[in-house]
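So this block is my_file_36.txt, compact mmCIF, C-alpha atoms and all ligand atoms:
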# COMPACT_ATOMS: atom_id res chain seq x y z
CA MET N 24 -15.15 63.94 -61.17
CA THR N 25 -14.60 67.29 -62.80
CA SER N 26 -14.00 65.68 -66.20
CA THR N 27 -17.56 64.46 -66.72
CA PRO N 28 -19.61 67.42 -68.02
CA ILE N 29 -19.86 65.66 -71.40
CA LEU N 30 -22.26 63.20 -69.72
CA PHE N 31 -24.72 66.03 -69.20
CA THR N 32 -24.70 67.58 -72.65
CA GLN N 33 -27.82 67.38 -74.79
CA THR N 34 -28.07 65.11 -77.79
CA SER N 35 -30.72 63.66 -80.04
CA ILE N 36 -31.78 60.35 -81.49
CA GLY N 37 -33.56 60.92 -84.75
CA LYS N 38 -35.80 63.91 -84.07
CA LEU N 39 -35.99 63.24 -80.34
CA ALA N 40 -33.99 65.52 -78.03
CA LEU N 41 -32.40 63.96 -74.95
CA LYS N 42 -31.45 66.13 -71.99
CA ASN N 43 -28.24 64.19 -71.30
CA ARG N 44 -26.19 61.20 -72.48
CA LEU N 45 -27.32 58.80 -69.76
CA ALA N 46 -29.67 55.89 -70.36
CA VAL N 47 -30.87 53.00 -68.24
CA ALA N 48 -30.13 49.74 -70.08
CA PRO N 49 -32.97 47.28 -70.70
CA MET N 50 -33.38 44.89 -67.75
CA THR N 51 -35.94 42.11 -67.45
CA ARG N 52 -37.49 42.09 -63.98
CA ILE N 53 -40.41 39.63 -64.38
CA SER N 54 -42.82 41.81 -62.38
CA ALA N 55 -45.81 42.02 -64.73
CA SER N 56 -49.08 40.12 -64.25
CA ALA N 57 -49.26 36.55 -65.54
CA GLU N 58 -50.99 37.91 -68.69
CA GLY N 59 -48.14 40.35 -69.31
CA LEU N 60 -49.73 43.57 -68.04
CA ALA N 61 -47.39 46.22 -66.65
CA THR N 62 -48.11 46.91 -62.96
CA ASP N 63 -48.14 49.90 -60.60
CA ASP N 64 -44.89 48.62 -59.04
CA MET N 65 -43.27 48.75 -62.46
CA ALA N 66 -44.51 52.31 -62.93
CA ARG N 67 -42.91 53.36 -59.64
CA TYR N 68 -39.71 51.42 -60.45
CA TYR N 69 -39.23 53.14 -63.82
CA ALA N 70 -40.19 56.61 -62.56
CA ARG N 71 -37.51 56.32 -59.90
CA PHE N 72 -34.71 56.20 -62.52
CA ALA N 73 -36.21 59.22 -64.25
CA ARG N 74 -36.22 61.10 -60.95
CA GLY N 75 -32.57 60.19 -60.49
CA GLY N 76 -31.71 62.11 -63.63
CA TYR N 77 -31.36 59.61 -66.50
CA GLY N 78 -32.40 61.23 -69.76
CA LEU N 79 -33.53 57.99 -71.41
CA LEU N 80 -34.97 54.76 -70.05
CA ILE N 81 -35.06 51.65 -72.20
CA THR N 82 -37.61 49.20 -70.86
CA GLU N 83 -36.91 45.62 -70.08
CA GLY N 84 -37.42 43.23 -73.01
CA VAL N 85 -41.15 43.31 -73.82
CA TYR N 86 -42.67 40.55 -75.93
CA PRO N 87 -44.24 41.77 -79.17
CA ASP N 88 -46.85 39.06 -79.78
CA VAL N 89 -49.00 36.58 -77.88
CA ARG N 90 -47.69 33.62 -79.88
CA HIS N 91 -44.12 32.45 -79.27
CA SER N 92 -42.17 35.54 -78.26
CA GLN N 93 -42.58 35.54 -74.47
CA GLY N 94 -39.35 34.47 -72.78
CA TYR N 95 -40.12 34.51 -69.09
CA LEU N 96 -43.15 34.07 -66.86
CA TYR N 97 -44.34 37.47 -65.57
CA GLN N 98 -42.53 39.28 -68.36
CA PRO N 99 -44.57 42.23 -69.71
CA GLY N 100 -45.85 42.18 -73.28
CA ILE N 101 -47.18 44.57 -75.88
CA GLY N 102 -48.79 41.92 -78.05
CA ASN N 103 -52.40 43.06 -77.63
CA ASP N 104 -54.28 46.24 -76.75
CA ALA N 105 -54.68 45.40 -73.05
CA GLN N 106 -50.93 44.92 -72.68
CA ALA N 107 -50.26 48.13 -74.58
CA ARG N 108 -52.69 50.17 -72.45
CA ALA N 109 -51.09 48.89 -69.25
CA TRP N 110 -47.86 50.70 -70.21
CA ARG N 111 -49.58 54.11 -70.09
CA LYS N 112 -49.05 54.57 -66.35
CA VAL N 113 -45.37 53.68 -66.72
CA ILE N 114 -44.88 56.13 -69.57
CA GLU N 115 -46.75 58.91 -67.78
CA GLY N 116 -44.72 58.43 -64.61
CA VAL N 117 -41.45 58.64 -66.51
CA HIS N 118 -42.53 61.69 -68.49
CA ALA N 119 -43.66 63.44 -65.31
CA GLU N 120 -40.07 63.13 -64.06
CA GLY N 121 -38.64 64.60 -67.25
CA ALA N 122 -37.17 61.53 -68.99
CA LYS N 123 -37.93 59.73 -72.25
CA ILE N 124 -38.76 56.04 -72.49
CA PHE N 125 -38.22 53.54 -75.33
CA VAL N 126 -39.78 50.09 -75.36
CA GLN N 127 -37.47 47.18 -76.09
CA LEU N 128 -39.23 44.61 -78.30
CA MET N 129 -37.85 41.18 -77.52
CA HIS N 130 -38.74 37.82 -79.08
CA ALA N 131 -37.03 35.12 -77.02
CA GLY N 132 -37.29 32.39 -79.66
CA ALA N 133 -35.42 29.25 -78.63
CA LEU N 134 -34.42 30.80 -75.29
CA SER N 135 -37.98 31.06 -74.02
CA GLN N 136 -38.10 29.59 -70.50
CA GLY N 137 -41.74 30.21 -69.74
CA SER N 138 -44.79 31.48 -71.58
CA HIS N 139 -48.41 32.19 -70.83
CA TRP N 140 -49.20 31.71 -74.53
CA SER N 141 -47.18 28.79 -75.87
CA THR N 142 -45.93 25.37 -74.81
CA GLU N 143 -43.26 25.09 -77.52
CA THR N 144 -40.26 27.21 -78.48
CA ILE N 145 -39.36 28.26 -82.01
CA GLY N 146 -36.05 29.26 -83.55
CA PRO N 147 -34.29 29.53 -86.89
CA SER N 148 -33.38 25.81 -86.75
CA ALA N 149 -34.25 22.79 -84.63
CA VAL N 150 -31.17 23.18 -82.48
CA GLN N 151 -30.76 22.86 -78.73
CA PRO N 152 -29.46 26.14 -77.33
CA VAL N 153 -26.16 25.93 -75.45
CA GLY N 154 -26.07 26.73 -71.75
CA LYS N 155 -28.65 26.47 -68.99
CA GLN N 156 -31.89 28.29 -68.27
CA MET N 157 -31.68 31.13 -65.75
CA SER N 158 -33.00 30.29 -62.31
CA PHE N 159 -33.58 33.93 -61.32
CA TYR N 160 -36.18 33.95 -64.10
CA ARG N 161 -37.74 30.70 -62.85
CA GLY N 162 -35.90 28.45 -65.34
CA GLU N 163 -34.25 25.13 -64.68
CA GLY N 164 -31.97 22.79 -66.64
CA ALA N 165 -31.28 22.70 -70.36
CA TYR N 166 -33.26 24.65 -72.95
CA PRO N 167 -35.63 22.56 -75.06
CA ILE N 168 -34.88 21.92 -78.72
CA ALA N 169 -36.75 24.57 -80.68
CA ARG N 170 -39.07 23.88 -83.58
CA GLU N 171 -37.81 25.37 -86.85
CA ILE N 172 -39.81 28.47 -87.72
CA THR N 173 -41.59 28.22 -91.10
CA PRO N 174 -41.35 30.83 -93.87
CA ASP N 175 -44.96 31.90 -93.18
CA GLU N 176 -44.15 32.28 -89.50
CA ILE N 177 -41.16 34.49 -90.38
CA THR N 178 -43.52 36.76 -92.33
CA GLN N 179 -45.85 36.76 -89.31
CA LEU N 180 -42.99 37.51 -86.90
CA ILE N 181 -41.98 40.55 -88.93
CA GLN N 182 -45.59 41.76 -88.92
CA ASP N 183 -45.86 41.14 -85.18
CA PHE N 184 -42.84 43.38 -84.49
CA ALA N 185 -44.39 46.06 -86.69
CA ASP N 186 -47.79 45.80 -84.98
CA ALA N 187 -46.19 45.95 -81.54
CA ALA N 188 -44.24 49.06 -82.57
CA ALA N 189 -47.45 50.72 -83.78
CA ARG N 190 -49.13 49.93 -80.44
CA ALA N 191 -46.12 51.32 -78.57
CA LYS N 192 -46.28 54.57 -80.50
CA ASP N 193 -50.04 54.82 -79.91
CA VAL N 194 -49.75 54.51 -76.13
CA GLY N 195 -47.04 57.14 -75.87
CA PHE N 196 -43.62 55.51 -75.89
CA ASP N 197 -40.92 57.85 -77.23
CA GLY N 198 -39.17 55.25 -79.36
CA ILE N 199 -38.62 51.59 -80.19
CA GLU N 200 -35.60 49.42 -79.51
CA ILE N 201 -35.59 46.13 -81.43
CA HIS N 202 -33.79 43.48 -79.40
CA GLY N 203 -31.32 42.02 -81.87
CA ALA N 204 -28.82 40.96 -79.20
CA ASN N 205 -28.01 38.62 -76.33
CA GLY N 206 -29.07 35.32 -77.88
CA TYR N 207 -32.77 35.96 -78.47
CA ILE N 208 -34.47 35.11 -81.77
CA LEU N 209 -32.98 37.82 -83.98
CA ASP N 210 -29.52 37.03 -82.61
CA GLN N 211 -30.27 33.32 -83.12
CA PHE N 212 -30.69 34.14 -86.82
CA LEU N 213 -27.47 36.17 -86.80
CA THR N 214 -25.44 33.41 -85.16
CA ALA N 215 -24.06 30.65 -87.38
CA TYR N 216 -24.39 27.81 -84.88
CA SER N 217 -28.05 28.46 -84.06
CA ASN N 218 -29.02 29.24 -87.68
CA GLN N 219 -28.56 26.27 -89.99
CA ARG N 220 -31.15 27.38 -92.53
CA GLU N 221 -30.57 26.90 -96.22
CA ASP N 222 -33.02 29.58 -97.38
CA ARG N 223 -32.29 33.29 -97.80
CA TYR N 224 -32.14 33.72 -93.98
CA GLY N 225 -29.26 31.28 -93.47
CA GLY N 226 -25.67 30.77 -94.60
CA ALA N 227 -23.52 33.83 -95.27
CA THR N 228 -23.52 36.73 -92.80
CA GLU N 229 -25.50 38.81 -95.35
CA ASN N 230 -28.27 36.22 -95.11
CA ARG N 231 -28.13 35.82 -91.34
CA VAL N 232 -28.59 39.57 -90.79
CA ARG N 233 -31.53 39.69 -93.23
CA LEU N 234 -34.27 39.13 -90.65
CA LEU N 235 -32.86 41.93 -88.45
CA VAL N 236 -32.96 44.24 -91.46
CA GLU N 237 -36.48 43.20 -92.48
CA VAL N 238 -37.81 43.65 -88.93
CA SER N 239 -36.15 47.08 -88.77
CA GLN N 240 -37.69 48.12 -92.08
CA ALA N 241 -41.14 46.86 -91.07
CA VAL N 242 -40.99 48.68 -87.72
CA ARG N 243 -39.89 51.85 -89.48
CA HIS N 244 -42.77 51.52 -91.90
CA ALA N 245 -45.24 50.99 -89.03
CA VAL N 246 -44.21 54.08 -87.03
CA GLY N 247 -43.41 56.48 -89.86
CA PRO N 248 -40.22 58.42 -90.63
CA GLU N 249 -40.17 60.68 -87.55
CA PHE N 250 -40.33 58.18 -84.69
CA PRO N 251 -37.07 56.94 -83.10
CA VAL N 252 -36.22 53.32 -83.90
CA GLY N 253 -33.01 51.49 -83.01
CA ILE N 254 -31.65 48.00 -82.62
CA ARG N 255 -29.53 46.36 -79.93
CA ILE N 256 -26.61 44.23 -81.10
CA SER N 257 -24.12 42.10 -79.17
CA GLN N 258 -21.68 39.28 -79.67
CA GLY N 259 -22.18 37.64 -76.26
CA LYS N 260 -25.42 35.95 -75.30
CA VAL N 261 -27.21 35.22 -72.04
CA ASN N 262 -26.45 31.54 -72.70
CA ASP N 263 -22.99 32.07 -74.27
CA PHE N 264 -21.20 35.09 -72.79
CA VAL N 265 -17.97 34.72 -74.75
CA HIS N 266 -19.27 34.27 -78.30
CA LYS N 267 -17.36 36.22 -80.98
CA TRP N 268 -18.36 36.78 -84.60
CA ALA N 269 -16.30 34.25 -86.60
CA ASN N 270 -15.19 36.69 -89.31
CA GLY N 271 -14.28 39.51 -86.94
CA VAL N 272 -14.18 42.96 -88.52
CA ASP N 273 -15.53 41.58 -91.82
CA ASP N 274 -18.69 40.40 -90.05
CA ALA N 275 -18.95 43.75 -88.27
CA SER N 276 -18.78 45.57 -91.61
CA VAL N 277 -21.55 43.39 -93.10
CA ILE N 278 -23.80 43.49 -90.02
CA PHE N 279 -23.46 47.19 -89.21
CA GLY N 280 -23.32 48.11 -92.90
CA HIS N 281 -26.70 46.49 -93.58
CA LEU N 282 -28.28 47.82 -90.37
CA GLY N 283 -27.02 51.30 -91.23
CA LYS N 284 -29.23 51.20 -94.33
CA ALA N 285 -32.32 49.67 -92.68
CA GLY N 286 -34.07 52.90 -91.70
CA LEU N 287 -32.83 52.92 -88.10
CA ASP N 288 -31.99 55.98 -85.98
CA TYR N 289 -29.47 54.32 -83.68
CA ILE N 290 -27.59 51.17 -82.81
CA HIS N 291 -27.24 50.05 -79.21
CA VAL N 292 -24.06 48.03 -78.84
CA THR N 293 -23.52 45.90 -75.76
CA GLU N 294 -20.26 44.15 -74.88
CA TYR N 295 -18.99 42.79 -71.58
CA ASP N 296 -16.76 45.89 -71.42
CA ALA N 297 -17.60 48.37 -74.17
CA THR N 298 -14.12 49.91 -74.04
CA GLN N 299 -12.25 46.69 -74.88
CA PRO N 300 -11.27 45.56 -78.41
CA ALA N 301 -14.06 43.58 -80.08
CA PHE N 302 -11.76 40.85 -81.39
CA GLY N 303 -8.80 40.62 -79.00
CA THR N 304 -6.93 43.56 -80.50
CA GLY N 305 -7.98 46.54 -82.58
CA PRO N 306 -11.19 48.57 -82.52
CA THR N 307 -14.05 48.21 -80.06
CA LEU N 308 -17.46 47.04 -81.24
CA VAL N 309 -18.85 50.55 -80.72
CA GLU N 310 -16.17 51.98 -82.97
CA LEU N 311 -16.99 49.40 -85.63
CA ALA N 312 -20.71 50.16 -85.31
CA LYS N 313 -20.06 53.87 -85.79
CA ARG N 314 -17.69 53.25 -88.68
CA TYR N 315 -19.94 50.92 -90.67
CA ALA N 316 -23.47 52.04 -89.69
CA GLY N 317 -22.76 55.75 -89.38
CA LEU N 318 -25.60 56.20 -86.87
CA PRO N 319 -25.86 57.47 -83.30
CA ILE N 320 -24.53 54.76 -80.98
CA ILE N 321 -25.67 53.80 -77.50
CA ALA N 322 -22.86 51.96 -75.72
CA ASN N 323 -23.34 49.50 -72.85
CA GLY N 324 -21.08 47.31 -70.75
CA GLN N 325 -19.23 48.15 -67.54
CA LEU N 326 -19.48 51.91 -67.97
CA GLU N 327 -20.64 52.85 -64.47
CA GLU N 328 -17.36 54.58 -63.61
CA PRO N 329 -18.14 58.22 -64.56
CA ALA N 330 -14.68 59.12 -65.88
CA LYS N 331 -14.63 55.96 -68.02
CA ALA N 332 -18.07 56.75 -69.47
CA ALA N 333 -17.05 60.36 -70.14
CA ALA N 334 -13.82 59.27 -71.84
CA LEU N 335 -15.74 56.92 -74.13
CA LEU N 336 -18.15 59.69 -75.10
CA ALA N 337 -15.19 61.97 -75.75
CA THR N 338 -13.85 59.57 -78.40
CA GLY N 339 -16.82 60.57 -80.57
CA ALA N 340 -17.66 56.93 -81.37
CA VAL N 341 -20.51 56.93 -78.88
CA ASP N 342 -23.47 59.23 -78.34
CA VAL N 343 -25.24 57.81 -75.27
CA ILE N 344 -24.07 55.63 -72.37
CA ALA N 345 -26.43 52.95 -71.04
CA LEU N 346 -25.96 51.60 -67.53
CA GLY N 347 -27.32 48.24 -66.45
CA LYS N 348 -26.10 47.07 -63.06
CA GLY N 349 -24.74 50.55 -62.31
CA ALA N 350 -28.27 51.92 -62.64
CA LEU N 351 -29.77 49.17 -60.47
CA ALA N 352 -27.13 49.93 -57.87
CA ASP N 353 -27.80 53.64 -57.87
CA ARG N 354 -30.99 55.10 -59.32
CA ASP N 355 -29.56 58.55 -58.54
CA TRP N 356 -26.32 57.99 -60.50
CA PRO N 357 -26.77 61.09 -62.73
CA GLN N 358 -27.74 63.41 -59.86
CA LYS N 359 -24.94 62.11 -57.67
CA VAL N 360 -22.30 62.47 -60.37
CA LEU N 361 -23.47 66.05 -60.95
CA ARG N 362 -23.18 66.74 -57.22
CA ASN N 363 -19.89 64.86 -56.91
CA GLU N 364 -21.33 62.41 -54.38
CA PRO N 365 -20.23 58.79 -53.91
CA LEU N 366 -22.08 56.12 -55.90
CA ALA N 367 -23.57 52.91 -54.54
CA GLU N 368 -22.13 49.59 -55.75
CA PHE N 369 -24.15 46.81 -57.31
CA ASP N 370 -25.07 43.88 -55.08
CA TYR N 371 -26.17 40.67 -56.84
CA ALA N 372 -28.35 39.88 -53.82
CA LEU N 373 -30.86 42.31 -55.35
CA LEU N 374 -31.65 39.73 -58.05
CA GLN N 375 -31.74 36.64 -55.82
CA PRO N 376 -33.39 34.24 -55.62
CA LEU N 377 -35.64 35.83 -58.28
CA ALA N 378 -35.06 38.92 -60.40
CA HIS N 379 -38.42 40.56 -59.70
CA ILE N 380 -38.63 44.19 -58.57
CA LYS N 381 -38.06 44.41 -54.82
CA PRO N 382 -40.10 46.68 -52.49
CA SER N 383 -36.99 48.85 -51.97
CA GLU N 384 -37.09 49.69 -55.69
CA THR N 385 -40.63 51.07 -55.88
C1 LIG I 1 -31.29 41.74 -64.25
C2 LIG I 1 -30.88 42.02 -65.65
C3 LIG I 1 -31.82 41.89 -66.66
C4 LIG I 1 -31.46 42.14 -68.00
N1 LIG I 1 -32.44 42.09 -68.98
C5 LIG I 1 -32.16 42.52 -70.24
C6 LIG I 1 -33.19 42.67 -71.21
O1 LIG I 1 -34.38 42.46 -70.96
N2 LIG I 1 -32.83 43.12 -72.44
C7 LIG I 1 -31.53 43.39 -72.76
O2 LIG I 1 -31.24 43.78 -73.90
N3 LIG I 1 -30.54 43.26 -71.85
C8 LIG I 1 -30.82 42.85 -70.60
N4 LIG I 1 -29.83 42.81 -69.64
C9 LIG I 1 -28.46 43.20 -70.00
C10 LIG I 1 -28.21 44.66 -69.64
O3 LIG I 1 -28.99 45.52 -70.45
C11 LIG I 1 -26.72 45.00 -69.83
O4 LIG I 1 -26.37 44.72 -71.16
C12 LIG I 1 -25.81 44.23 -68.90
O5 LIG I 1 -26.24 44.35 -67.55
C13 LIG I 1 -24.37 44.72 -69.01
O6 LIG I 1 -24.30 46.11 -68.74
P1 LIG I 1 -23.73 46.66 -67.34
O7 LIG I 1 -22.26 46.27 -67.32
O8 LIG I 1 -23.96 48.14 -67.39
O9 LIG I 1 -24.51 45.98 -66.26
C14 LIG I 1 -30.14 42.52 -68.32
C15 LIG I 1 -29.20 42.62 -67.29
C16 LIG I 1 -29.55 42.40 -65.98
C17 LIG I 1 -28.52 42.57 -64.89

Let's see the structure in the file written out as structure tokens.
Ligand SMILES: Cc1cc2nc3c(=O)[nH]c(=O)nc-3n(C[C@H](O)[C@H](O)[C@H](O)COP(=O)(O)O)c2cc1C
Amino acid sequence: MTSTPILFTQTSIGKLALKNRLAVAPMTRISASAEGLATDDMARYYARFARGGYGLLITEGVYPDVRHSQGYLYQPGIGNDAQARAWRKVIEGVHAEGAKIFVQLMHAGALSQGSHWSTETIGPSAVQPVGKQMSFYRGEGAYPIAREITPDEITQLIQDFADAAARAKDVGFDGIEIHGANGYILDQFLTAYSNQREDRYGGATENRVRLLVEVSQAVRHAVGPEFPVGIRISQGKVNDFVHKWANGVDDASVIFGHLGKAGLDYIHVTEYDATQPAFGTGPTLVELAKRYAGLPIIANGQLEEPAKAAALLATGAVDVIALGKGALADRDWPQKVLRNEPLAEFDYALLQPLAHIKPSET
């Protein structure tokens, strides 16, 4: 483990300095109140990662509006002032331990399995999502067929992301991550089979990435030029792990090229294994993101082995490493790697039968 000092070098995202290259990936833990208020347990849970040495925490997916965006019962929101204020204790706890915290804004769209605010799901087109709902988030069976979102609702959705970002900045978050990945509504627009629209948001890849760009621009406008804003992008989805962009590198150049000009400070790329070629052979998705967006890149996907994470950083294609299951397994991962101590392994039992935060995590 002597080859990992690069993990502990400083970096920055936009104007924000980070003490090291280690982030906790966004992970939904359905532990808020029914109305979407962050709880004291959540504050203790997040602070614990900060104490373990991670420089940056990205929250679980947080719903931006109290209309259609909530994906899971007991998911936290930031769609009104009460929800925003409830995050203060979480943010203060993380800051007290010396880390930064970004909120991930997530609109579940057609993959919503449970909502305090809506009885219907919306998506780019009236299509039934593939796959099955997740039982560890209280879902069961097939996803319902979504109602096609109207042009006015698209305008509203963009505004809702912007308003949520403004609330997040007001209550003290250090940055915004727009969830453009993993099958949720922005990724539903990006994906040909879930987006059958014939307006300017559907069809060619340029059109399918438009909503991601417009949300990014609106969020940037809402928080001003100095505040960190990024977007998370993936090929795979929670309901379709193996999905690949049909036009391979050409799609990557269009998607990352447009996002690179959308006023963002970083792109967070998640793949099953971030070090593997994106399309069977050739470059990884993180390399393609760096090449075509030219922004700082957060990489995620099976990077919990310290030497592997350090080697990826050393390629120069990646600026920050985000750990998901590796962080759940070992909240002290950064401190332990520094001290050359053995790391704990992830046990799926932690998330069964439900994915809520367990007493051992608070
Ligand atoms: C319990 C759990 C909840 C997750 N929730 C989210 C989420 O809210 N937003 C998101 O972008 N990714 C979410 N993910 C995906 C992780 O951020 C990450 O991409 C995934 O675990 C793969 O990275 P890893 O190999 O480091 O675990 C979740 C993963 C897990 C295990």

Which residues, protein or nucleic acid, reach to within 8 Å of (-30.2, 30.3, -78.7) in the file's coordinates when using all atoms listed in the file, and can you give that as a list of chain:residue names?
N:Gly132, N:Ala133, N:Leu134, N:Gly146, N:Gln151, N:Pro152, N:Val153, N:Gly206, N:Tyr207, N:Ile208, N:Asp210, N:Gln211, N:Ser217, N:Asn262

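With distances restricted to all atoms listed in the file, N:Ala191 is the closest residue to Gly100 in chain N from N:Ala191, N:Ile168, N:Leu373, N:Leu41.
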
CA of Leu351 in chain N and CA of Gly259 in chain N, how far apart in Å?
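These two atoms are separated by 21.0 Å.
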
Sorted by chain and rising residue number, which residues of chain N lie within 8 Å of ligand LIG 1 (chain I), and what are their closest atom pairs and distances in Å to one decimal, counting only C-alpha atoms and all ligand atoms, as a Markdown table?
| residue | atom | partner | partner_atom | distance |
| --- | --- | --- | --- | --- |
| N:Ala48 | CA | I:LIG1 | O3 | 4.4 |
| N:Pro49 | CA | I:LIG1 | O3 | 4.4 |
| N:Met50 | CA | I:LIG1 | N1 | 3.2 |
| N:Thr51 | CA | I:LIG1 | N1 | 3.8 |
| N:Arg52 | CA | I:LIG1 | C1 | 6.2 |
| N:Thr82 | CA | I:LIG1 | O1 | 7.5 |
| N:Glu83 | CA | I:LIG1 | O1 | 4.1 |
| N:Gly84 | CA | I:LIG1 | O1 | 3.7 |
| N:Val85 | CA | I:LIG1 | O1 | 7.4 |
| N:Gln127 | CA | I:LIG1 | N2 | 7.2 |
| N:Met129 | CA | I:LIG1 | N2 | 7.4 |
| N:His202 | CA | I:LIG1 | O2 | 6.1 |
| N:Ala204 | CA | I:LIG1 | O2 | 6.5 |
| N:Asn205 | CA | I:LIG1 | O2 | 6.6 |
| N:Arg255 | CA | I:LIG1 | O2 | 6.8 |
| N:Thr293 | CA | I:LIG1 | O4 | 5.5 |
| N:Glu294 | CA | I:LIG1 | O4 | 7.2 |
| N:Tyr295 | CA | I:LIG1 | C13 | 6.3 |
| N:Asp296 | CA | I:LIG1 | O7 | 6.9 |
| N:Asn323 | CA | I:LIG1 | O6 | 5.4 |
| N:Gly324 | CA | I:LIG1 | O7 | 3.8 |
| N:Gln325 | CA | I:LIG1 | O7 | 3.6 |
| N:Leu326 | CA | I:LIG1 | O8 | 5.9 |
| N:Glu327 | CA | I:LIG1 | O8 | 6.5 |
| N:Ala345 | CA | I:LIG1 | O8 | 6.5 |
| N:Leu346 | CA | I:LIG1 | O8 | 4.0 |
| N:Gly347 | CA | I:LIG1 | O8 | 3.5 |
| N:Lys348 | CA | I:LIG1 | O9 | 3.7 |
| N:Gly349 | CA | I:LIG1 | O8 | 5.7 |
| N:Ala350 | CA | I:LIG1 | O8 | 7.4 |
| N:Leu374 | CA | I:LIG1 | C1 | 6.5 |
| N:Ala378 | CA | I:LIG1 | C1 | 6.1 |

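With all atoms listed in the file as the atoms that count, the minimum distance from Phe184 in chain N to the choices N:Arg223, N:Arg90, N:His118, N:Lys112 is reached by N:Arg90.
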
I'd like the interatomic distance between CA of Pro251 in chain N and CA of Ala337 in chain N, to a tenth of an Å.
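So the answer is 23.6 Å.
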
Between CA of Ile114 in chain N and CA of Ile254 in chain N, what is the distance in Å, rounded to a tenth?
20.3 Å

Applying 6 Å and only C-alpha atoms, which residues near range 354-370 of chain N remain after dropping the ones on its own chain fewer than 4 positions away? List them as a ChimeraX atom specification.
/N:72,75-76,350

Take the residues from that selection and write them out as a short mmCIF file (atom, residue, chain, number, x, y, z; two decimals), keeping the file's coordinate frame, keeping C-alpha atoms.
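Once everything was written out, this is result_6.cif:
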data_model
loop_
_atom_site.label_atom_id
_atom_site.label_comp_id
_atom_site.auth_asym_id
_atom_site.auth_seq_id
_atom_site.Cartn_x
_atom_site.Cartn_y
_atom_site.Cartn_z
CA PHE N 72 -34.71 56.20 -62.52
CA GLY N 75 -32.57 60.19 -60.49
CA GLY N 76 -31.71 62.11 -63.63
CA ALA N 350 -28.27 51.92 -62.64
#

Using only C-alpha atoms, can you tell me which of N:Lys38, N:Arg190, N:Arg108, N:Arg170 comes closest to Leu128 in chain N?
N:Arg190

Exercise: range 65-69 of chain N partners within 7 Å, only C-alpha atoms, chain neighbours under 2 positions left out, as a PyMOL selection string
chain N and resi 54+61-63+71-73+112-113+116-117+384-385

Please provide as a ChimeraX atom specification all residues within 10 Å of Lys123 in chain N, with the sequence filter that same-chain residues fewer than 5 positions apart are discarded (counting all atoms listed in the file).
/N:39-42,46,73,77-81,114-115,117-118,196-198

Residues as selected, C-alpha atoms, written as an mmCIF file, in the frame of the given file, can you do that?
data_model
loop_
_atom_site.group_PDB
_atom_site.id
_atom_site.type_symbol
_atom_site.label_atom_id
_atom_site.label_comp_id
_atom_site.auth_asym_id
_atom_site.auth_seq_id
_atom_site.Cartn_x
_atom_site.Cartn_y
_atom_site.Cartn_z
ATOM 1 C CA LEU N 39 -35.990 63.240 -80.340
ATOM 2 C CA ALA N 40 -33.990 65.520 -78.030
ATOM 3 C CA LEU N 41 -32.400 63.960 -74.950
ATOM 4 C CA LYS N 42 -31.450 66.130 -71.990
ATOM 5 C CA ALA N 46 -29.670 55.890 -70.360
ATOM 6 C CA ALA N 73 -36.210 59.220 -64.250
ATOM 7 C CA TYR N 77 -31.360 59.610 -66.500
ATOM 8 C CA GLY N 78 -32.400 61.230 -69.760
ATOM 9 C CA LEU N 79 -33.530 57.990 -71.410
ATOM 10 C CA LEU N 80 -34.970 54.760 -70.050
ATOM 11 C CA ILE N 81 -35.060 51.650 -72.200
ATOM 12 C CA ILE N 114 -44.880 56.130 -69.570
ATOM 13 C CA GLU N 115 -46.750 58.910 -67.780
ATOM 14 C CA VAL N 117 -41.450 58.640 -66.510
ATOM 15 C CA HIS N 118 -42.530 61.690 -68.490
ATOM 16 C CA PHE N 196 -43.620 55.510 -75.890
ATOM 17 C CA ASP N 197 -40.920 57.850 -77.230
ATOM 18 C CA GLY N 198 -39.170 55.250 -79.360
#

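Here the question is which of N:His291, N:His281, N:Lys331, N:His91 gets nearest to Glu229 in chain N using all atoms listed in the file, and that residue is N:His281.
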
In terms of all atoms listed in the file, the residue from N:Ile380, N:Ala332, N:Glu176, N:Ala316 at minimal distance from Ala55 in chain N is N:Ile380

For Lys155 in chain N, the nearest of the candidates N:Ala119, N:Val261, N:Leu318, N:Val252, counting only C-alpha atoms:
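Closest residue, counting only C-alpha atoms: N:Val261.
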